[in-house]
$ cat final38.cif   # mmCIF, C-alpha atoms and all ligand atoms
data_run
#
loop_
_atom_site.group_PDB
_atom_site.id
_atom_site.type_symbol
_atom_site.label_atom_id
_atom_site.label_comp_id
_atom_site.auth_asym_id
_atom_site.auth_seq_id
_atom_site.Cartn_x
_atom_site.Cartn_y
_atom_site.Cartn_z
ATOM 1 C CA MET A 164 -54.164 29.849 -155.880
ATOM 2 C CA HIS A 165 -55.524 27.825 -158.783
ATOM 3 C CA GLY A 166 -52.258 28.284 -160.640
ATOM 4 C CA ASP A 167 -52.642 32.034 -160.771
ATOM 5 C CA ARG A 168 -48.972 32.922 -160.542
ATOM 6 C CA ARG A 169 -49.442 36.655 -160.728
ATOM 7 C CA GLU A 170 -51.835 36.702 -157.780
ATOM 8 C CA ALA A 171 -49.492 34.483 -155.832
ATOM 9 C CA LEU A 172 -46.566 36.767 -156.508
ATOM 10 C CA LEU A 173 -48.623 39.784 -155.492
ATOM 11 C CA ALA A 174 -49.485 38.001 -152.266
ATOM 12 C CA ARG A 175 -45.815 37.734 -151.452
ATOM 13 C CA VAL A 176 -44.975 41.352 -152.085
ATOM 14 C CA PRO A 177 -45.806 42.581 -148.564
ATOM 15 C CA LEU A 178 -43.737 39.752 -147.101
ATOM 16 C CA LEU A 179 -40.754 40.550 -149.280
ATOM 17 C CA ALA A 180 -40.795 44.323 -149.001
ATOM 18 C CA LYS A 181 -37.864 45.482 -146.939
ATOM 19 C CA TRP A 182 -38.328 48.433 -144.572
ATOM 20 C CA SER A 183 -37.648 51.505 -146.557
ATOM 21 C CA GLY A 184 -38.713 54.464 -144.474
ATOM 22 C CA ARG A 185 -42.182 54.248 -145.899
ATOM 23 C CA MET A 186 -45.196 55.085 -143.764
ATOM 24 C CA ILE A 187 -45.177 53.282 -140.426
ATOM 25 C CA GLN A 188 -48.543 53.382 -138.679
ATOM 26 C CA ILE A 189 -48.432 54.481 -135.035
ATOM 27 C CA LYS A 190 -51.497 53.557 -133.011
ATOM 28 C CA THR A 191 -53.086 55.472 -130.152
ATOM 29 C CA ALA A 192 -53.608 53.756 -126.798
ATOM 30 C CA GLN A 193 -57.289 53.416 -127.682
ATOM 31 C CA GLU A 194 -56.469 51.796 -131.035
ATOM 32 C CA LEU A 195 -54.155 49.324 -129.297
ATOM 33 C CA GLU A 196 -57.090 48.321 -127.069
ATOM 34 C CA LEU A 197 -59.017 47.503 -130.258
ATOM 35 C CA MET A 198 -56.043 45.531 -131.582
ATOM 36 C CA ARG A 199 -55.941 43.625 -128.295
ATOM 37 C CA ALA A 200 -59.585 42.631 -128.769
ATOM 38 C CA SER A 201 -58.720 41.408 -132.268
ATOM 39 C CA GLY A 202 -55.662 39.602 -130.911
ATOM 40 C CA LEU A 203 -57.743 37.700 -128.390
ATOM 41 C CA VAL A 204 -60.062 36.498 -131.171
ATOM 42 C CA THR A 205 -57.041 35.121 -133.034
ATOM 43 C CA ALA A 206 -55.638 33.594 -129.818
ATOM 44 C CA GLY A 207 -58.960 31.845 -129.215
ATOM 45 C CA ALA A 208 -59.154 30.562 -132.775
ATOM 46 C CA LEU A 209 -55.631 29.135 -132.593
ATOM 47 C CA ALA A 210 -56.338 27.540 -129.201
ATOM 48 C CA ALA A 211 -59.462 25.895 -130.607
ATOM 49 C CA VAL A 212 -57.561 24.577 -133.632
ATOM 50 C CA LYS A 213 -54.673 23.345 -131.468
ATOM 51 C CA ALA A 214 -57.096 21.456 -129.253
ATOM 52 C CA ALA A 215 -58.489 19.670 -132.326
ATOM 53 C CA VAL A 216 -55.128 18.504 -133.682
ATOM 54 C CA ARG A 217 -55.007 14.700 -133.586
ATOM 55 C CA PRO A 218 -54.323 11.816 -135.953
ATOM 56 C CA GLY A 219 -57.111 11.539 -138.535
ATOM 57 C CA VAL A 220 -58.281 15.136 -138.531
ATOM 58 C CA THR A 221 -58.111 16.961 -141.865
ATOM 59 C CA THR A 222 -56.687 20.432 -142.355
ATOM 60 C CA GLY A 223 -60.063 21.322 -143.865
ATOM 61 C CA GLU A 224 -61.720 20.465 -140.539
ATOM 62 C CA LEU A 225 -59.175 22.577 -138.662
ATOM 63 C CA ASP A 226 -59.903 25.453 -141.014
ATOM 64 C CA ALA A 227 -63.631 25.216 -140.263
ATOM 65 C CA ILE A 228 -62.933 25.350 -136.505
ATOM 66 C CA ALA A 229 -60.982 28.600 -136.912
ATOM 67 C CA ALA A 230 -63.656 30.048 -139.203
ATOM 68 C CA ASP A 231 -66.443 29.213 -136.709
ATOM 69 C CA HIS A 232 -64.522 30.748 -133.813
ATOM 70 C CA ILE A 233 -63.740 33.982 -135.650
ATOM 71 C CA ARG A 234 -67.311 34.336 -136.882
ATOM 72 C CA SER A 235 -68.739 33.636 -133.408
ATOM 73 C CA ARG A 236 -66.745 36.575 -132.010
ATOM 74 C CA GLY A 237 -68.113 38.988 -134.611
ATOM 75 C CA ALA A 238 -64.807 39.175 -136.455
ATOM 76 C CA VAL A 239 -63.747 38.192 -139.974
ATOM 77 C CA SER A 240 -60.745 36.310 -141.280
ATOM 78 C CA ASN A 241 -57.991 38.379 -142.867
ATOM 79 C CA PHE A 242 -56.566 35.294 -144.611
ATOM 80 C CA LEU A 243 -59.730 34.211 -146.420
ATOM 81 C CA GLY A 244 -59.755 35.897 -149.824
ATOM 82 C CA TYR A 245 -56.310 37.451 -149.316
ATOM 83 C CA HIS A 246 -55.093 37.607 -152.940
ATOM 84 C CA GLY A 247 -57.426 34.688 -153.558
ATOM 85 C CA PHE A 248 -56.393 32.491 -150.599
ATOM 86 C CA THR A 249 -59.163 29.975 -149.858
ATOM 87 C CA GLY A 250 -58.453 29.261 -146.190
ATOM 88 C CA THR A 251 -59.053 30.896 -142.815
ATOM 89 C CA ILE A 252 -55.813 29.315 -141.622
ATOM 90 C CA CYS A 253 -52.575 28.398 -143.309
ATOM 91 C CA ALA A 254 -51.895 24.743 -142.521
ATOM 92 C CA SER A 255 -48.296 23.799 -143.282
ATOM 93 C CA ILE A 256 -47.147 20.256 -142.587
ATOM 94 C CA ASN A 257 -43.605 18.929 -142.000
ATOM 95 C CA ASP A 258 -41.388 20.320 -144.812
ATOM 96 C CA GLU A 259 -44.013 22.953 -145.620
ATOM 97 C CA VAL A 260 -42.791 26.193 -144.051
ATOM 98 C CA VAL A 261 -45.710 28.583 -144.509
ATOM 99 C CA HIS A 262 -48.827 29.291 -146.618
ATOM 100 C CA GLY A 263 -50.117 25.696 -146.829
ATOM 101 C CA ILE A 264 -53.705 25.598 -148.086
ATOM 102 C CA PRO A 265 -56.280 23.843 -145.868
ATOM 103 C CA ASP A 266 -57.613 20.766 -147.628
ATOM 104 C CA PRO A 267 -60.548 18.503 -146.686
ATOM 105 C CA GLY A 268 -58.570 15.656 -148.270
ATOM 106 C CA ARG A 269 -55.392 16.173 -146.232
ATOM 107 C CA THR A 270 -55.323 14.063 -143.075
ATOM 108 C CA LEU A 271 -52.896 14.501 -140.189
ATOM 109 C CA ALA A 272 -50.919 11.491 -138.981
ATOM 110 C CA GLU A 273 -49.095 10.736 -135.734
ATOM 111 C CA GLY A 274 -45.700 12.438 -135.788
ATOM 112 C CA ASP A 275 -46.621 15.166 -138.280
ATOM 113 C CA ASN A 276 -45.708 18.722 -137.411
ATOM 114 C CA ILE A 277 -48.380 21.217 -138.365
ATOM 115 C CA SER A 278 -47.906 24.954 -138.420
ATOM 116 C CA ILE A 279 -51.189 26.808 -138.055
ATOM 117 C CA ASP A 280 -51.195 30.478 -139.010
ATOM 118 C CA CYS A 281 -54.341 32.500 -138.397
ATOM 119 C CA GLY A 282 -55.576 36.063 -138.191
ATOM 120 C CA ALA A 283 -58.694 38.107 -137.582
ATOM 121 C CA VAL A 284 -60.063 41.569 -138.237
ATOM 122 C CA LEU A 285 -62.263 43.106 -135.561
ATOM 123 C CA GLN A 286 -63.615 46.639 -135.962
ATOM 124 C CA GLY A 287 -61.049 47.180 -138.702
ATOM 125 C CA TRP A 288 -58.018 46.082 -136.660
ATOM 126 C CA HIS A 289 -55.904 43.094 -137.657
ATOM 127 C CA SER A 290 -54.087 40.440 -135.657
ATOM 128 C CA ASP A 291 -51.859 37.606 -136.860
ATOM 129 C CA SER A 292 -50.390 34.637 -134.997
ATOM 130 C CA ALA A 293 -48.983 31.194 -135.691
ATOM 131 C CA VAL A 294 -47.986 28.099 -133.774
ATOM 132 C CA THR A 295 -46.406 24.774 -134.724
ATOM 133 C CA VAL A 296 -47.483 21.593 -132.932
ATOM 134 C CA THR A 297 -46.686 17.919 -133.295
ATOM 135 C CA VAL A 298 -49.514 15.448 -133.798
ATOM 136 C CA GLY A 299 -49.084 13.074 -130.865
ATOM 137 C CA GLU A 300 -45.630 12.561 -129.381
ATOM 138 C CA PRO A 301 -42.791 14.543 -130.988
ATOM 139 C CA SER A 302 -39.420 12.969 -131.743
ATOM 140 C CA PRO A 303 -36.552 14.575 -129.783
ATOM 141 C CA GLU A 304 -35.519 16.308 -133.033
ATOM 142 C CA ASP A 305 -38.996 17.763 -133.570
ATOM 143 C CA ALA A 306 -39.368 18.765 -129.933
ATOM 144 C CA ALA A 307 -36.080 20.674 -130.200
ATOM 145 C CA LEU A 308 -37.054 22.327 -133.499
ATOM 146 C CA LEU A 309 -40.329 23.614 -132.050
ATOM 147 C CA GLU A 310 -38.721 24.752 -128.812
ATOM 148 C CA VAL A 311 -35.880 26.576 -130.590
ATOM 149 C CA THR A 312 -38.286 28.331 -132.966
ATOM 150 C CA GLU A 313 -40.733 29.383 -130.263
ATOM 151 C CA ARG A 314 -37.959 30.602 -127.964
ATOM 152 C CA SER A 315 -36.473 32.708 -130.776
ATOM 153 C CA MET A 316 -39.871 34.367 -131.245
ATOM 154 C CA TRP A 317 -39.986 35.260 -127.554
ATOM 155 C CA ALA A 318 -36.401 36.527 -127.724
ATOM 156 C CA GLY A 319 -37.542 38.875 -130.497
ATOM 157 C CA LEU A 320 -40.715 39.896 -128.667
ATOM 158 C CA ALA A 321 -38.590 40.722 -125.606
ATOM 159 C CA ARG A 322 -36.817 43.373 -127.689
ATOM 160 C CA ALA A 323 -40.066 45.059 -128.712
ATOM 161 C CA VAL A 324 -39.371 47.908 -126.326
ATOM 162 C CA ALA A 325 -39.388 51.671 -126.787
ATOM 163 C CA GLY A 326 -35.958 53.196 -127.340
ATOM 164 C CA GLY A 327 -34.588 50.307 -129.384
ATOM 165 C CA ARG A 328 -34.258 49.851 -133.111
ATOM 166 C CA LEU A 329 -36.095 47.462 -135.382
ATOM 167 C CA THR A 330 -33.131 45.194 -136.084
ATOM 168 C CA ASP A 331 -32.618 44.660 -132.345
ATOM 169 C CA ILE A 332 -35.545 42.255 -132.789
ATOM 170 C CA SER A 333 -33.992 40.595 -135.861
ATOM 171 C CA ALA A 334 -30.654 40.152 -134.099
ATOM 172 C CA ALA A 335 -32.280 38.723 -130.972
ATOM 173 C CA VAL A 336 -34.187 36.142 -133.036
ATOM 174 C CA GLU A 337 -31.035 35.108 -134.881
ATOM 175 C CA GLU A 338 -28.844 34.963 -131.755
ATOM 176 C CA SER A 339 -31.391 32.792 -130.023
ATOM 177 C CA ILE A 340 -31.430 30.294 -132.910
ATOM 178 C CA ARG A 341 -27.643 30.341 -133.370
ATOM 179 C CA ALA A 342 -27.111 29.621 -129.658
ATOM 180 C CA HIS A 343 -27.813 25.943 -130.335
ATOM 181 C CA ALA A 344 -25.239 23.372 -131.378
ATOM 182 C CA HIS A 345 -27.419 22.127 -134.253
ATOM 183 C CA PRO A 346 -27.031 24.378 -137.326
ATOM 184 C CA TYR A 347 -30.679 25.317 -137.770
ATOM 185 C CA GLY A 348 -31.618 27.185 -140.941
ATOM 186 C CA ILE A 349 -33.285 30.602 -140.768
ATOM 187 C CA VAL A 350 -35.606 31.105 -143.741
ATOM 188 C CA ASP A 351 -34.690 34.321 -145.500
ATOM 189 C CA ASN A 352 -36.827 36.944 -147.253
ATOM 190 C CA TYR A 353 -39.920 35.870 -145.361
ATOM 191 C CA GLY A 354 -40.308 37.570 -142.014
ATOM 192 C CA GLY A 355 -42.384 39.712 -139.720
ATOM 193 C CA HIS A 356 -44.181 42.934 -140.476
ATOM 194 C CA GLY A 357 -45.999 45.942 -139.172
ATOM 195 C CA ILE A 358 -49.704 45.366 -138.592
ATOM 196 C CA GLY A 359 -52.724 47.556 -137.874
ATOM 197 C CA THR A 360 -55.479 48.588 -140.242
ATOM 198 C CA GLU A 361 -53.934 46.163 -142.730
ATOM 199 C CA MET A 362 -52.446 42.749 -142.029
ATOM 200 C CA HIS A 363 -49.134 43.533 -143.713
ATOM 201 C CA GLN A 364 -47.659 46.976 -143.144
ATOM 202 C CA ASP A 365 -44.194 48.443 -143.031
ATOM 203 C CA PRO A 366 -41.725 47.701 -141.634
ATOM 204 C CA HIS A 367 -40.619 44.265 -142.824
ATOM 205 C CA ILE A 368 -38.723 42.419 -140.076
ATOM 206 C CA LEU A 369 -36.017 39.949 -141.039
ATOM 207 C CA ASN A 370 -35.297 37.108 -138.636
ATOM 208 C CA TYR A 371 -31.555 37.797 -138.749
ATOM 209 C CA GLY A 372 -29.235 40.762 -138.903
ATOM 210 C CA ARG A 373 -27.159 43.224 -136.941
ATOM 211 C CA ALA A 374 -28.756 45.096 -134.036
ATOM 212 C CA GLY A 375 -29.110 48.863 -133.826
ATOM 213 C CA ARG A 376 -30.472 49.605 -137.287
ATOM 214 C CA GLY A 377 -33.770 50.493 -138.881
ATOM 215 C CA PRO A 378 -36.689 52.518 -137.597
ATOM 216 C CA LYS A 379 -36.795 53.482 -133.911
ATOM 217 C CA LEU A 380 -39.117 51.433 -131.768
ATOM 218 C CA VAL A 381 -41.714 53.779 -130.315
ATOM 219 C CA PRO A 382 -44.919 53.320 -128.310
ATOM 220 C CA GLY A 383 -47.849 52.666 -130.624
ATOM 221 C CA LEU A 384 -45.881 50.554 -133.090
ATOM 222 C CA ALA A 385 -47.459 47.126 -133.620
ATOM 223 C CA LEU A 386 -45.464 44.286 -135.159
ATOM 224 C CA ALA A 387 -45.932 40.653 -136.077
ATOM 225 C CA ILE A 388 -42.762 38.747 -135.190
ATOM 226 C CA GLU A 389 -42.522 35.363 -136.900
ATOM 227 C CA PRO A 390 -39.369 33.249 -137.124
ATOM 228 C CA MET A 391 -39.347 30.362 -139.629
ATOM 229 C CA VAL A 392 -36.705 27.766 -138.803
ATOM 230 C CA THR A 393 -35.580 24.616 -140.624
ATOM 231 C CA VAL A 394 -33.716 21.541 -139.405
ATOM 232 C CA GLY A 395 -31.665 21.536 -142.614
ATOM 233 C CA ASP A 396 -30.899 24.059 -145.314
ATOM 234 C CA PRO A 397 -33.088 27.186 -145.172
ATOM 235 C CA SER A 398 -33.637 27.384 -148.954
ATOM 236 C CA THR A 399 -37.286 27.244 -149.925
ATOM 237 C CA VAL A 400 -39.349 26.826 -153.063
ATOM 238 C CA GLU A 401 -42.994 27.604 -153.788
ATOM 239 C CA LEU A 402 -45.193 24.745 -154.976
ATOM 240 C CA ASP A 403 -47.267 24.862 -158.152
ATOM 241 C CA ASP A 404 -50.362 25.705 -156.097
ATOM 242 C CA GLY A 405 -48.913 29.220 -155.993
ATOM 243 C CA TRP A 406 -48.869 29.332 -152.195
ATOM 244 C CA THR A 407 -47.237 26.495 -150.292
ATOM 245 C CA VAL A 408 -43.613 27.236 -149.394
ATOM 246 C CA VAL A 409 -41.524 24.101 -148.767
ATOM 247 C CA THR A 410 -37.887 23.492 -147.883
ATOM 248 C CA LYS A 411 -35.814 22.555 -150.938
ATOM 249 C CA ASP A 412 -34.052 19.740 -149.092
ATOM 250 C CA GLY A 413 -37.276 18.327 -147.623
ATOM 251 C CA SER A 414 -36.196 19.036 -144.049
ATOM 252 C CA ARG A 415 -38.815 19.927 -141.489
ATOM 253 C CA ALA A 416 -39.634 23.502 -140.557
ATOM 254 C CA ALA A 417 -41.395 25.336 -137.750
ATOM 255 C CA HIS A 418 -43.084 28.721 -137.580
ATOM 256 C CA PHE A 419 -44.234 30.725 -134.569
ATOM 257 C CA GLU A 420 -45.778 34.190 -134.623
ATOM 258 C CA HIS A 421 -47.290 36.737 -132.278
ATOM 259 C CA THR A 422 -48.566 40.263 -132.788
ATOM 260 C CA VAL A 423 -46.995 42.658 -130.265
ATOM 261 C CA ALA A 424 -47.509 46.327 -129.460
ATOM 262 C CA ILE A 425 -44.791 48.552 -128.060
ATOM 263 C CA THR A 426 -46.191 50.433 -125.063
ATOM 264 C CA PRO A 427 -44.703 52.671 -122.352
ATOM 265 C CA GLU A 428 -45.331 49.771 -119.951
ATOM 266 C CA GLY A 429 -43.403 47.265 -122.091
ATOM 267 C CA PRO A 430 -44.247 44.773 -124.840
ATOM 268 C CA TRP A 431 -47.915 43.873 -125.023
ATOM 269 C CA VAL A 432 -48.306 40.550 -126.838
ATOM 270 C CA LEU A 433 -51.757 41.112 -128.265
ATOM 271 C CA THR A 434 -52.276 37.539 -129.502
ATOM 272 C CA ALA A 435 -51.218 35.882 -126.215
ATOM 273 C CA GLU A 436 -53.986 35.294 -123.670
ATOM 274 C CA ASP A 437 -51.769 36.628 -120.848
ATOM 275 C CA GLY A 438 -50.334 39.500 -122.884
ATOM 276 C CA GLY A 439 -46.973 37.740 -123.022
ATOM 277 C CA VAL A 440 -46.285 37.662 -119.256
ATOM 278 C CA ALA A 441 -45.152 34.021 -119.122
ATOM 279 C CA GLY A 442 -43.241 34.027 -122.421
ATOM 280 C CA LEU A 443 -41.295 37.214 -121.664
ATOM 281 C CA ALA A 444 -40.469 36.431 -118.026
ATOM 282 C CA PRO A 445 -37.419 34.241 -118.858
ATOM 283 C CA PHE A 446 -35.933 37.263 -120.636
ATOM 284 C CA GLY A 447 -36.370 39.483 -117.585
ATOM 285 C CA VAL A 448 -38.939 41.570 -119.471
ATOM 286 C CA THR A 449 -42.212 42.632 -117.901
ATOM 287 C CA ALA A 450 -45.124 42.517 -120.304
ATOM 288 C CA ARG A 451 -48.044 44.849 -120.186
ATOM 289 C CA SER A 452 -50.900 42.485 -119.412
HETATM 290 MG MG MG B 501 -49.302 34.893 -139.784
HETATM 291 MG MG MG B 502 -47.587 37.537 -140.292
#
$ encode --input "final38.cif" --output "structure tokens"
Amino acid sequence: MHGDRREALLARVPLLAKWSGRMIQIKTAQELELMRASGLVTAGALAAVKAAVRPGVTTGELDAIAADHIRSRGAVSNFLGYHGFTGTICASINDEVVHGIPDPGRTLAEGDNISIDCGAVLQGWHSDSAVTVTVGEPSPEDAALLEVTERSMWAGLARAVAGGRLTDISAAVEESIRAHAHPYGIVDNYGGHGIGTEMHQDPHILNYGRAGRGPKLVPGLALAIEPMVTVGDPSTVELDDGWTVVTKDGSRAAHFEHTVAITPEGPWVLTAEDGGVAGLAPFGVTARS
């Protein structure tokens, strides 16, 4: 932000930290109820922003919609002020992968893809979710990119079950993306994370890898699962604004994210209105709702 490279680098540290057996926060059933309340605030904010996406709207206006929603629910944004970030949402357009800064001078046009990332803190508990949408009618290529990315997120969420290992999620995300004939890129280093009383906690969750490794998945673990997929090469570079991550080759990217809790009754997708019931059903997984 404002060319402050050190702050920007610090902001990336939680995203880049690999799981290392450091402290993983396990939540009680009661704490997960509080996280669910936070998750529904974030879900509502994203729904309100999505509904406002149209040609001519600015990303600054979308940011204000999210801010109003979060405030109206008695919550606060966990993005605003995060290492100096000036937005309530991240608004990343086309070749921008993540961390785009909302801008009152940036107008959406028909055919743009916009990734909206948003989070809230309610009674001290964080939630984090992202969605990519096309402004107007998507091209077949864009429709496929969004569908592949979203499905890979659900494939990962479907593995958020007690008894598994962390990289079961990573492997499921990767397998889902690799199942397509087009050689989509999977952005490396960036990935999901534990979440609870802070937005970014251990463990870091890569969107690729071999199953059966890493920390055991146990009830009370809450994770943000967030694949970032590119049409072309997955290499990225950070812009001079110190935040915006773009593809090096200029190809388009998509980003989907949900916060999920592992419960004895199955995955509980805290940032999905229905708890993940519809998204997990194709995987034969019953969500706690
Ligand atoms: Mg996010
Ligand atoms: Mg996240």
$ resolve_selection --input "final38.cif" --expression "the PyMOL selection byres (((chain A and resi 360-364) around 9) and not hetatm)" --output "PyMOL selection string"
chain A and resi 177-178+186-188+241-242+282-284+287-291+355-359+365-367+386-387
$ resolve_selection --input "final38.cif" --expression "the PyMOL selection byres (((not hetatm)) within 7 of (chain B and resi 501))" --output "list in words"
Asp280, Cys281, Gly282, Asp291, Ser292, Ala293 and Glu420 of chain A
$ resolve_selection --input "final38.cif" --expression "the PyMOL selection byres (((chain A and resi 273) around 7) and not hetatm)" --output "VMD selection string"
chain A and resid 218 271 to 272 274 to 275 298 to 299
$ closest_residue --input "final38.cif" --among "A:Glu389, A:Asp437, A:Asp412, A:Asp305" --to "ligand MG 502 (chain B)" --atoms "all atoms listed in the file"
A:Glu389
$ residues_around --input "final38.cif" --residues "Val448 of chain A" --least-positions-apart "3" --cutoff "9 Å" --atoms "all atoms listed in the file" --output "list of chain:residue names"
A:Ala321, A:Arg322, A:Gly429, A:Pro430, A:Val440, A:Leu443, A:Ala444, A:Pro445
$ write_last_selection --input "final38.cif" --atoms "C-alpha atoms" --output "PDB file, in the coordinates of the input"
ATOM      1  CA  ALA A 321     -38.590  40.722-125.606  1.00  0.00           C
ATOM      2  CA  ARG A 322     -36.817  43.373-127.689  1.00  0.00           C
ATOM      3  CA  GLY A 429     -43.403  47.265-122.091  1.00  0.00           C
ATOM      4  CA  PRO A 430     -44.247  44.773-124.840  1.00  0.00           C
ATOM      5  CA  VAL A 440     -46.285  37.662-119.256  1.00  0.00           C
ATOM      6  CA  LEU A 443     -41.295  37.214-121.664  1.00  0.00           C
ATOM      7  CA  ALA A 444     -40.469  36.431-118.026  1.00  0.00           C
ATOM      8  CA  PRO A 445     -37.419  34.241-118.858  1.00  0.00           C
TER       9      PRO A 445
END
$ closest_residue --input "final38.cif" --among "A:Thr407, A:Ser235, A:Ser333, A:Thr449" --to "His262 of chain A" --atoms "all atoms listed in the file"
A:Thr407
$ residues_around --input "final38.cif" --residues "Thr393 of chain A" --least-positions-apart "2" --cutoff "8 Å" --atoms "only C-alpha atoms" --output "PyMOL selection string"
chain A and resi 308+347-350+391+395-397+410+414-417
$ residues_around --input "final38.cif" --residues "Asp226 of chain A" --least-positions-apart "5" --cutoff "7 Å" --atoms "all atoms listed in the file" --output "list in words"
Gly250, Thr251, Ile252 and Pro265 of chain A
$ atom_distance --input "final38.cif" --atom1 "atom CA of Trp317 of chain A" --atom2 "atom CA of Leu209 of chain A"
17.5 Å
$ atom_distance --input "final38.cif" --atom1 "atom CA of Gly319 of chain A" --atom2 "atom CA of His246 of chain A"
28.5 Å
$ closest_residue --input "final38.cif" --among "A:Gly375, A:Pro301, A:Gly263, A:Gly247" --to "Asp403 of chain A" --atoms "all atoms listed in the file"
A:Gly263
$ atom_distance --input "final38.cif" --atom1 "atom CA of Thr249 of chain A" --atom2 "atom CA of His418 of chain A"
20.3 Å
$ closest_residue --input "final38.cif" --among "A:Val432, A:Ser201, A:Phe419, A:Lys411" --to "ligand MG 502 (chain B)" --atoms "all atoms listed in the file"
A:Phe419
$ closest_residue --input "final38.cif" --among "A:Gly372, A:Leu320, A:Leu402, A:Val394" --to "Ala334 of chain A" --atoms "all atoms listed in the file"
A:Gly372
$ residues_around --input "final38.cif" --residues "Ala318 of chain A" --least-positions-apart "3" --cutoff "6 Å" --atoms "only C-alpha atoms" --output "PyMOL selection string"
chain A and resi 315+321+335-336
$ closest_residue --input "final38.cif" --among "A:Ala342, A:Gly442, A:Ala424, A:Pro390" --to "ligand MG 502 (chain B)" --atoms "all atoms listed in the file"
A:Pro390
$ residues_around --input "final38.cif" --residues "Glu224 of chain A" --least-positions-apart "6" --cutoff "12 Å" --atoms "all atoms listed in the file" --output "list in words"
Ala211, Val212, Lys213, Ala215, Val216, Arg217, Ala230, Asp231, Gly250, Thr251, Ile252, Ala254, Pro265, Asp266, Pro267, Gly268, Arg269, Thr270 and Leu271 of chain A
$ build_atoms --input "final38.cif" --residues "segment 324-329 of chain A" --atoms "all heavy atoms" --output "mmCIF file, in the coordinates of the input"
data_model
loop_
_atom_site.group_PDB
_atom_site.id
_atom_site.type_symbol
_atom_site.label_atom_id
_atom_site.label_comp_id
_atom_site.auth_asym_id
_atom_site.auth_seq_id
_atom_site.Cartn_x
_atom_site.Cartn_y
_atom_site.Cartn_z
ATOM 1 N N VAL A 324 -39.294 46.901 -127.382
ATOM 2 C CA VAL A 324 -39.371 47.908 -126.326
ATOM 3 C C VAL A 324 -38.977 49.282 -126.870
ATOM 4 O O VAL A 324 -38.092 49.402 -127.728
ATOM 5 C CB VAL A 324 -38.472 47.539 -125.120
ATOM 6 C CG1 VAL A 324 -39.040 46.336 -124.385
ATOM 7 C CG2 VAL A 324 -37.044 47.250 -125.553
ATOM 8 N N ALA A 325 -39.645 50.301 -126.348
ATOM 9 C CA ALA A 325 -39.388 51.671 -126.787
ATOM 10 C C ALA A 325 -37.931 52.037 -126.526
ATOM 11 O O ALA A 325 -37.346 51.640 -125.517
ATOM 12 C CB ALA A 325 -40.316 52.628 -126.050
ATOM 13 N N GLY A 326 -37.344 52.760 -127.478
ATOM 14 C CA GLY A 326 -35.958 53.196 -127.340
ATOM 15 C C GLY A 326 -35.003 52.359 -128.171
ATOM 16 O O GLY A 326 -33.880 52.792 -128.441
ATOM 17 N N GLY A 327 -35.432 51.169 -128.561
ATOM 18 C CA GLY A 327 -34.588 50.307 -129.384
ATOM 19 C C GLY A 327 -34.766 50.598 -130.860
ATOM 20 O O GLY A 327 -35.442 51.559 -131.252
ATOM 21 N N ARG A 328 -34.131 49.764 -131.656
ATOM 22 C CA ARG A 328 -34.258 49.851 -133.111
ATOM 23 C C ARG A 328 -34.824 48.543 -133.640
ATOM 24 O O ARG A 328 -34.649 47.486 -133.036
ATOM 25 C CB ARG A 328 -32.885 50.073 -133.754
ATOM 26 C CG ARG A 328 -32.268 51.400 -133.404
ATOM 27 C CD ARG A 328 -32.751 52.466 -134.354
ATOM 28 N NE ARG A 328 -31.889 53.642 -134.279
ATOM 29 C CZ ARG A 328 -31.830 54.564 -135.218
ATOM 30 N NH1 ARG A 328 -32.551 54.442 -136.318
ATOM 31 N NH2 ARG A 328 -31.048 55.608 -135.072
ATOM 32 N N LEU A 329 -35.408 48.619 -134.815
ATOM 33 C CA LEU A 329 -36.095 47.462 -135.382
ATOM 34 C C LEU A 329 -35.205 46.219 -135.444
ATOM 35 O O LEU A 329 -35.634 45.120 -135.095
ATOM 36 C CB LEU A 329 -36.608 47.785 -136.787
ATOM 37 C CG LEU A 329 -37.479 46.684 -137.388
ATOM 38 C CD1 LEU A 329 -38.852 46.651 -136.718
ATOM 39 C CD2 LEU A 329 -37.626 46.855 -138.885
#
